[in-house]
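**Q** Got my_file-v5.txt for you, compact mmCIF, C-alpha atoms:
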# COMPACT_ATOMS: atom_id res chain seq x y z
CA MET E 1 0.00 0.00 0.00
CA ASN E 2 1.51 3.36 -0.93
CA GLN E 3 1.80 6.16 1.62
CA THR E 4 -1.15 8.24 0.40
CA ALA E 5 -3.46 5.23 0.42
CA TYR E 6 -2.22 4.38 3.91
CA PHE E 7 -2.89 7.98 5.00
CA LEU E 8 -6.48 7.75 3.75
CA TYR E 9 -6.85 4.38 5.47
CA LEU E 10 -5.74 5.99 8.77
CA LEU E 11 -8.10 8.89 8.28
CA LEU E 12 -10.95 6.43 7.79
CA GLN E 13 -9.82 4.68 10.95
CA GLN E 14 -10.11 8.08 12.71
CA GLN E 15 -6.45 8.07 13.63
CA PRO E 16 -5.04 11.30 12.09
CA ALA E 17 -3.09 11.87 15.32
CA TRP E 18 -1.01 8.78 14.54
CA LEU E 19 0.20 10.49 11.38
CA LEU E 20 1.21 13.57 13.32
CA ARG E 21 3.36 11.48 15.61
CA SER E 22 4.91 9.51 12.80
CA ASP E 23 7.15 10.76 10.03
CA LYS E 24 4.74 10.14 7.15
CA ILE E 25 5.49 13.68 6.04
CA TYR E 26 5.09 13.11 2.30
CA SER E 27 1.64 11.54 2.76
CA VAL E 28 0.46 14.47 4.86
CA LEU E 29 1.98 16.94 2.40
CA SER E 30 0.39 15.29 -0.64
CA ILE E 31 -3.07 15.39 0.93
CA LEU E 32 -2.64 18.99 2.09
CA LEU E 33 -1.44 20.05 -1.36
CA ILE E 34 -4.46 18.42 -2.99
CA ILE E 35 -6.80 20.27 -0.59
CA PHE E 36 -4.89 23.51 -1.16
CA GLY E 37 -4.99 23.09 -4.95
CA LEU E 38 -8.73 22.43 -4.91
CA LEU E 39 -9.36 25.44 -2.65
CA ILE E 40 -7.28 27.85 -4.75
CA SER E 41 -8.85 26.57 -8.00
CA TYR E 42 -12.31 27.04 -6.51
CA LEU E 43 -11.46 30.57 -5.32
CA MET E 44 -10.02 31.54 -8.72
CA PHE E 45 -12.98 30.07 -10.58
CA THR E 46 -15.46 31.84 -8.27
CA ASN E 47 -13.51 35.08 -8.61
CA LYS E 48 -13.81 34.89 -12.40
CA ARG E 49 -17.51 34.02 -12.31
CA ILE E 50 -18.40 36.80 -9.88
CA SER E 51 -16.42 39.39 -11.89
CA GLU E 52 -18.41 38.43 -15.00
CA LEU E 53 -21.68 38.59 -13.08
CA GLU E 54 -20.85 42.00 -11.61
CA GLN E 55 -20.00 43.35 -15.04
CA LYS E 56 -23.27 42.02 -16.47
CA LEU E 57 -25.24 43.51 -13.57
CA HIS E 58 -23.53 46.84 -14.08
CA GLU E 59 -24.48 46.83 -17.77
CA LEU E 60 -28.09 45.92 -16.96
CA GLU E 61 -28.32 48.67 -14.34
CA ASP E 62 -26.90 51.18 -16.84
CA LEU E 63 -29.56 50.06 -19.32
CA ASP E 64 -32.28 50.47 -16.68
CA GLU E 65 -31.11 54.00 -15.93
CA GLY E 66 -30.87 54.82 -19.63
CA MET A 67 -5.92 46.97 -14.86
CA ASP A 68 -6.41 49.79 -12.34
CA ARG A 69 -4.61 50.23 -9.01
CA ARG A 70 -7.36 48.57 -6.98
CA GLN A 71 -7.45 45.48 -9.18
CA LEU A 72 -3.67 45.25 -9.04
CA LEU A 73 -3.71 45.46 -5.24
CA SER A 74 -6.44 42.82 -5.10
CA LEU A 75 -4.50 40.47 -7.38
CA GLY A 76 -1.32 41.15 -5.38
CA TYR A 77 -2.70 40.20 -1.96
CA LYS A 78 -4.41 37.08 -3.32
CA THR A 79 -1.23 35.88 -5.05
CA LEU A 80 0.86 36.68 -1.97
CA GLY A 81 -1.59 34.82 0.29
CA ALA A 82 -1.65 31.73 -1.93
CA LEU A 83 2.18 31.67 -2.24
CA LEU A 84 2.71 32.10 1.50
CA VAL A 85 0.28 29.30 2.34
CA LEU A 86 1.95 27.07 -0.26
CA TYR A 87 5.34 27.90 1.29
CA ALA A 88 4.05 27.13 4.80
CA LEU A 89 2.63 23.81 3.61
CA VAL A 90 5.71 22.64 1.73
CA TRP A 91 8.55 24.09 3.82
CA GLY A 92 6.64 23.59 7.07
CA LEU A 93 6.54 19.85 6.44
CA LEU A 94 9.86 19.30 4.64
CA SER A 95 12.29 21.61 6.43
CA PRO A 96 14.57 20.16 9.13
CA LEU A 97 13.36 21.60 12.42
CA PRO A 98 14.43 21.44 16.04
CA GLN A 99 11.67 19.59 17.88
CA LEU A 100 9.50 21.38 20.40
CA ASN A 101 9.13 20.36 24.04
CA GLU A 102 12.37 18.34 24.22
CA GLY A 103 11.36 16.08 21.37
CA ILE A 104 8.19 14.70 23.01
CA LEU A 105 6.08 16.24 20.30
CA GLY A 106 8.22 14.75 17.53
CA GLN A 107 7.11 15.51 14.00
CA SER A 108 3.79 16.75 15.34
CA SER A 109 5.49 20.02 16.34
CA ARG A 110 5.09 21.00 12.67
CA ASN A 111 1.39 21.38 13.36
CA ILE A 112 2.22 24.75 14.95
CA PHE A 113 2.44 26.16 11.38
CA TYR A 114 -1.22 25.32 10.74
CA HIS A 115 -2.84 25.43 14.19
CA VAL A 116 -1.62 28.88 15.29
CA PRO A 117 -2.42 30.73 12.00
CA MET A 118 -6.04 29.52 12.24
CA TRP A 119 -6.51 31.55 15.43
CA PHE A 120 -4.85 34.64 14.01
CA ALA A 121 -7.05 34.41 10.92
CA THR A 122 -10.11 33.95 13.17
CA ILE A 123 -9.30 37.11 15.15
CA VAL A 124 -8.61 39.16 12.01
CA LEU A 125 -11.87 38.06 10.35
CA MET A 126 -13.90 38.64 13.49
CA GLY A 127 -12.21 42.07 13.63
CA ILE A 128 -13.32 42.76 10.04
CA SER A 129 -16.84 41.69 11.00
CA LEU A 130 -16.73 44.04 14.00
CA TYR A 131 -15.52 46.90 11.79
CA HIS A 132 -18.49 46.44 9.43
CA SER A 133 -20.92 46.19 12.33
CA ILE A 134 -19.69 49.51 13.76
CA ARG A 135 -19.83 51.00 10.27
CA LEU A 136 -23.41 49.79 9.94
CA LEU A 137 -24.49 51.38 13.23
CA ARG A 138 -22.95 54.67 12.12
CA LEU A 139 -24.81 54.46 8.80
CA LEU A 140 -28.09 53.98 10.65
CA ASP A 141 -27.64 57.37 12.33
CA PRO A 142 -30.75 59.36 11.24
CA ASP A 143 -28.72 62.59 11.00
CA LEU A 144 -26.44 61.10 8.34
CA THR A 145 -27.17 60.46 4.69
CA PRO A 146 -25.75 56.97 4.10
CA SER A 147 -23.25 56.76 1.25
CA VAL A 148 -23.69 52.99 0.99
CA SER A 149 -26.64 50.76 1.76
CA PRO A 150 -26.62 49.67 5.44
CA LEU A 151 -27.88 46.25 4.35
CA ALA A 152 -24.85 45.80 2.10
CA VAL A 153 -22.59 46.55 5.08
CA ASP A 154 -24.61 44.06 7.14
CA ILE A 155 -23.87 41.41 4.50
CA GLN A 156 -20.14 42.15 4.82
CA ALA A 157 -20.29 41.83 8.63
CA ARG A 158 -22.13 38.51 8.32
CA GLU A 159 -19.79 37.05 5.70
CA ALA A 160 -16.65 38.01 7.65
CA ALA A 161 -18.09 36.31 10.74
CA LYS A 162 -18.90 33.21 8.66
CA ILE A 163 -15.32 32.87 7.41
CA GLY A 164 -14.07 33.60 10.93
CA VAL A 165 -16.19 30.72 12.23
CA ILE A 166 -14.70 28.39 9.59
CA PHE A 167 -11.19 29.29 10.80
CA ASN A 168 -12.32 28.87 14.42
CA ILE A 169 -13.53 25.33 13.62
CA LEU A 170 -10.26 24.60 11.78
CA GLY A 171 -8.32 25.89 14.80
CA LEU A 172 -10.26 23.60 17.11
CA GLY A 173 -9.83 20.67 14.70
CA THR A 174 -6.07 21.07 14.29
CA GLY A 175 -5.79 21.52 18.05
CA MET A 176 -7.79 18.37 18.81
CA VAL A 177 -5.67 16.24 16.50
CA TRP A 178 -2.46 17.67 17.95
CA SER A 179 -3.58 17.28 21.55
CA ARG A 180 -4.23 13.56 20.92
CA VAL A 181 -0.47 13.20 20.51
CA ALA A 182 0.95 15.98 22.65
CA TRP A 183 -1.16 15.33 25.74
CA ALA A 184 -0.92 11.53 25.60
CA PRO A 185 1.93 11.39 28.20
CA GLN A 186 -0.37 13.13 30.72
CA SER A 187 -3.25 10.73 30.10
CA GLY A 188 -2.02 7.79 32.16
CA GLY A 189 0.32 6.20 29.64
CA ALA A 190 -2.32 5.79 26.95
CA GLU A 191 -1.17 5.85 23.34
CA PHE A 192 -3.40 8.84 22.60
CA SER A 193 -5.22 11.26 24.85
CA SER A 194 -8.96 11.87 24.37
CA TRP A 195 -10.22 13.99 21.50
CA TRP A 196 -11.52 16.49 24.04
CA VAL A 197 -10.03 16.95 27.52
CA TRP A 198 -11.83 20.08 28.78
CA ASP A 199 -8.59 22.04 28.97
CA PRO A 200 -9.37 25.73 29.85
CA ILE A 201 -8.01 26.99 26.51
CA GLN A 202 -9.97 24.37 24.56
CA VAL A 203 -13.12 25.39 26.41
CA CYS A 204 -12.48 29.11 25.75
CA ALA A 205 -12.10 28.40 22.02
CA LEU A 206 -15.33 26.39 22.06
CA ILE A 207 -17.18 29.18 23.88
CA ALA A 208 -15.93 31.66 21.26
CA LEU A 209 -17.32 29.41 18.54
CA LEU A 210 -20.67 29.08 20.32
CA ILE A 211 -20.90 32.87 20.77
CA TYR A 212 -20.52 33.35 17.01
CA LEU A 213 -22.92 30.51 16.20
CA ALA A 214 -25.43 32.34 18.42
CA TYR A 215 -24.84 35.42 16.24
CA PHE A 216 -26.17 33.51 13.23
CA LEU A 217 -29.03 32.08 15.27
CA LEU A 218 -29.95 35.60 16.36
CA ARG A 219 -29.89 36.81 12.78
CA SER A 220 -32.22 34.05 11.66
CA SER A 221 -34.80 35.02 14.27
CA PHE A 222 -35.54 38.39 12.63
CA ALA A 223 -37.55 38.60 9.42
CA GLU A 224 -37.25 42.35 8.94
CA PRO A 225 -33.80 43.09 7.35
CA SER A 226 -33.06 46.49 8.92
CA GLN A 227 -34.06 45.32 12.41
CA ARG A 228 -31.95 42.17 11.93
CA ALA A 229 -28.97 44.23 10.80
CA ARG A 230 -29.20 46.60 13.78
CA VAL A 231 -29.61 43.90 16.45
CA ALA A 232 -26.92 41.67 14.88
CA ALA A 233 -24.46 44.59 14.72
CA VAL A 234 -24.92 45.34 18.42
CA TYR A 235 -24.55 41.65 19.31
CA ASN A 236 -21.43 41.41 17.15
CA ILE A 237 -19.73 44.16 19.16
CA PHE A 238 -20.35 42.21 22.38
CA ALA A 239 -19.26 38.97 20.69
CA PHE A 240 -15.92 40.47 19.71
CA ALA A 241 -15.49 41.97 23.17
CA ALA A 242 -15.98 38.45 24.58
CA LEU A 243 -13.08 37.20 22.45
CA ILE A 244 -10.62 39.37 24.39
CA PRO A 245 -11.01 37.57 27.75
CA LEU A 246 -11.52 34.21 26.02
CA PHE A 247 -8.38 34.38 23.88
CA PHE A 248 -6.08 36.72 25.78
CA ILE A 249 -6.97 36.88 29.49
CA ILE A 250 -8.41 33.55 30.70
CA PRO A 251 -5.62 31.46 29.08
CA ARG A 252 -3.08 33.44 31.15
CA MET A 253 -5.01 32.94 34.38
CA TYR A 254 -5.46 29.18 34.50
CA GLU A 255 -3.00 26.32 34.34
CA GLY A 256 -3.76 23.51 31.90
CA LEU A 257 -2.29 21.10 29.42
CA HIS A 258 -2.01 23.68 26.65
CA PRO A 259 1.58 25.02 26.36
CA THR A 260 0.39 28.64 26.61
CA ALA A 261 -1.72 28.00 29.73
CA GLY A 262 -0.85 30.27 32.62
CA LYS A 263 1.68 32.33 30.68
CA GLY A 264 0.14 33.44 27.40
CA SER A 265 1.18 32.89 23.81
CA PHE A 266 4.87 32.35 23.05
CA VAL A 267 4.47 32.92 19.33
CA PHE A 268 6.23 36.30 19.38
CA ASP A 269 8.70 35.43 22.14
CA LYS A 270 12.17 35.05 20.60
CA SER A 271 13.45 33.10 23.61
CA GLN A 272 10.69 30.50 23.27
CA ILE A 273 10.57 29.88 19.55
CA SER A 274 13.54 29.37 17.28
CA ASN A 275 14.29 31.26 14.07
CA GLU A 276 13.65 28.09 12.02
CA PHE A 277 10.11 27.99 13.36
CA ARG A 278 9.53 31.71 12.97
CA ALA A 279 10.72 31.61 9.34
CA VAL A 280 7.73 29.37 8.51
CA LEU A 281 5.21 30.39 11.15
CA TYR A 282 5.03 34.13 10.44
CA PRO A 283 4.70 33.87 6.64
CA GLY A 284 2.15 31.09 7.21
CA MET A 285 0.16 33.31 9.55
CA LEU A 286 0.11 36.14 7.03
CA GLY A 287 -0.76 33.69 4.22
CA PHE A 288 -3.74 32.19 6.04
CA ILE A 289 -4.99 35.66 7.02
CA LEU A 290 -4.81 36.82 3.39
CA LEU A 291 -6.51 33.62 2.24
CA GLY A 292 -9.29 34.29 4.75
CA ILE A 293 -9.66 37.87 3.49
CA TRP A 294 -9.86 36.55 -0.08
CA MET A 295 -12.62 34.12 0.94
CA PHE A 296 -14.45 36.92 2.74
CA GLU A 297 -14.18 39.23 -0.27
CA LEU A 298 -15.58 36.58 -2.61
CA ARG A 299 -18.45 35.64 -0.30
CA SER A 300 -19.38 39.32 0.15
CA ARG A 301 -19.31 39.98 -3.59
CA ILE A 302 -21.49 36.94 -4.29
CA GLU A 303 -24.05 37.98 -1.67
CA LEU A 304 -24.03 41.63 -2.76
CA ALA A 305 -24.51 40.67 -6.42
CA ALA A 306 -27.40 38.37 -5.45
CA ARG A 307 -28.97 41.23 -3.51
CA ARG A 308 -28.60 43.65 -6.43
CA MET A 309 -30.15 41.06 -8.73
CA GLN A 310 -33.08 40.60 -6.35
CA GLU A 311 -33.62 44.37 -6.07
CA ARG A 312 -33.57 44.71 -9.83
CA GLN A 313 -36.10 41.91 -10.25
CA SER A 314 -38.49 43.37 -7.66
CA LEU A 315 -38.19 46.81 -9.29
CA HIS A 316 -39.10 45.29 -12.68
CA GLU A 317 -42.01 43.41 -11.17
CA PHE A 318 -43.23 46.61 -9.52
CA ASN A 319 -42.95 48.55 -12.80
CA ARG A 320 -44.75 45.78 -14.67
CA SER A 321 -47.63 45.67 -12.20
CA ALA A 322 -47.85 49.48 -12.17
CA ALA A 323 -48.05 49.53 -16.00
CA SER A 324 -50.78 46.92 -16.10
Now that the file is in, can you turn its structure into structure tokens?
**A**
Amino acid sequence: MNQTAYFLYLLLQQQPAWLLRSDKIYSVLSILLIIFGLLISYLMFTNKRISELEQKLHELEDLDEG
Amino acid sequence: MDRRQLLSLGYKTLGALLVLYALVWGLLSPLPQLNEGILGQSSRNIFYHVPMWFATIVLMGISLYHSIRLLRLLDPDLTPSVSPLAVDIQAREAAKIGVIFNILGLGTGMVWSRVAWAPQSGGAEFSSWWVWDPIQVCALIALLIYLAYFLLRSSFAEPSQRARVAAVYNIFAFAALIPLFFIIPRMYEGLHPTAGKGSFVFDKSQISNEFRAVLYPGMLGFILLGIWMFELRSRIELAARRMQERQSLHEFNRSAAS
């Protein structure tokens, strides 16, 4: 079993503290980087979507005023 | 790209890079171990546990700032330059992100305490998930105070009344954080390393340069990430509100025309 799979197995066993005490650093890092990557991608995607929506709203409001 | 957009892009990029640095270098760098080696590799958790609390305080502070701003805007002698309800949304969203960081702080603390406090729990391999340590309890009370803020908000149907009451409550909620985070932990002994003496995060004699080189950038990174999340949540909610107002205006015009 590779380290990441073993990490997930321990998480499912509700033993994340075991990982903190051990030196399974690369497993912890790989999982944290995946979470970080997903979070940043989500934030960037949302940022782009909301900018588009705000621009559209602004145009619509200008039209309403016109 | 104007100056404001550039500044916005700058802080987001800086936040993401600092968090990435704290994740990678925090786990891979060779570090002297805390507490005479008892903590082992788990001492690296300091880079993730401590920044959660700093981010919580900063976001609750932002929420407080918007609540005070809101109460000033409700002054009948002033002509508000922005909608008080928009400011209320900002106060609510900052508190929401603050609560997320508070939960993450409790979570990272619980996992760490399982290892770090095991020697004090009668030779067991791990200590309990929750040991009713005074600092743990203070952090939990802080979380409950802010959950009550959302409960209070949900009990008012009228938006301006909700905004006013929630803003006043928010001021008291933030005031409660001061004894919970800064005074009570210094007064009582407990298992937490800062119990009875306060935080050692900024004490050069207590924390080595190797730790500080990761901890401080990590703290700034998580705070900036929290501000980014708050900004996005506020913009989403404000856009939804503008959309709703526009729709109700159109419906009103349509019914008036017919």
**Q** For CA of Glu54 (chain E) and CA of Phe222 (chain A), determine how far apart the two atoms are, in Å to one decimal place.
**A**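 Separation of CA of Glu54 (chain E) and CA of Phe222 (chain A): 28.6 Å.
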**Q** How many Å separate CA of Leu63 (chain E) from CA of Ser321 (chain A)?
**A** 19.9 Å
**Q** Which neighbours of Tyr235 (chain A) fall inside 9 Å, counting only C-alpha atoms, when residues of the same chain fewer than 4 positions from it are skipped, and could you give them as a list of chain:residue names?
**A**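 Listed by chain and then number, they are A:Tyr215, A:Leu218, A:Arg230, A:Val231, A:Ala239, A:Phe240.
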**Q** So that I can check the surroundings of Leu29 (chain E), please list as a list in words every protein, DNA and RNA residue that reaches within 9 Å of it, counting only C-alpha atoms and ignoring chain neighbours fewer than 4 positions away.
**A**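 Listing them by chain and then by number gives Lys24, Ile25, Leu33 and Ile34 of chain E; Leu89, Val90, Leu93 and Leu94 of chain A.
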**Q** Excluding same-chain residues fewer than 3 positions from region 162-178 of chain A, what lies within 8 Å of it counting only C-alpha atoms, as a count of residues only?
**A** 31
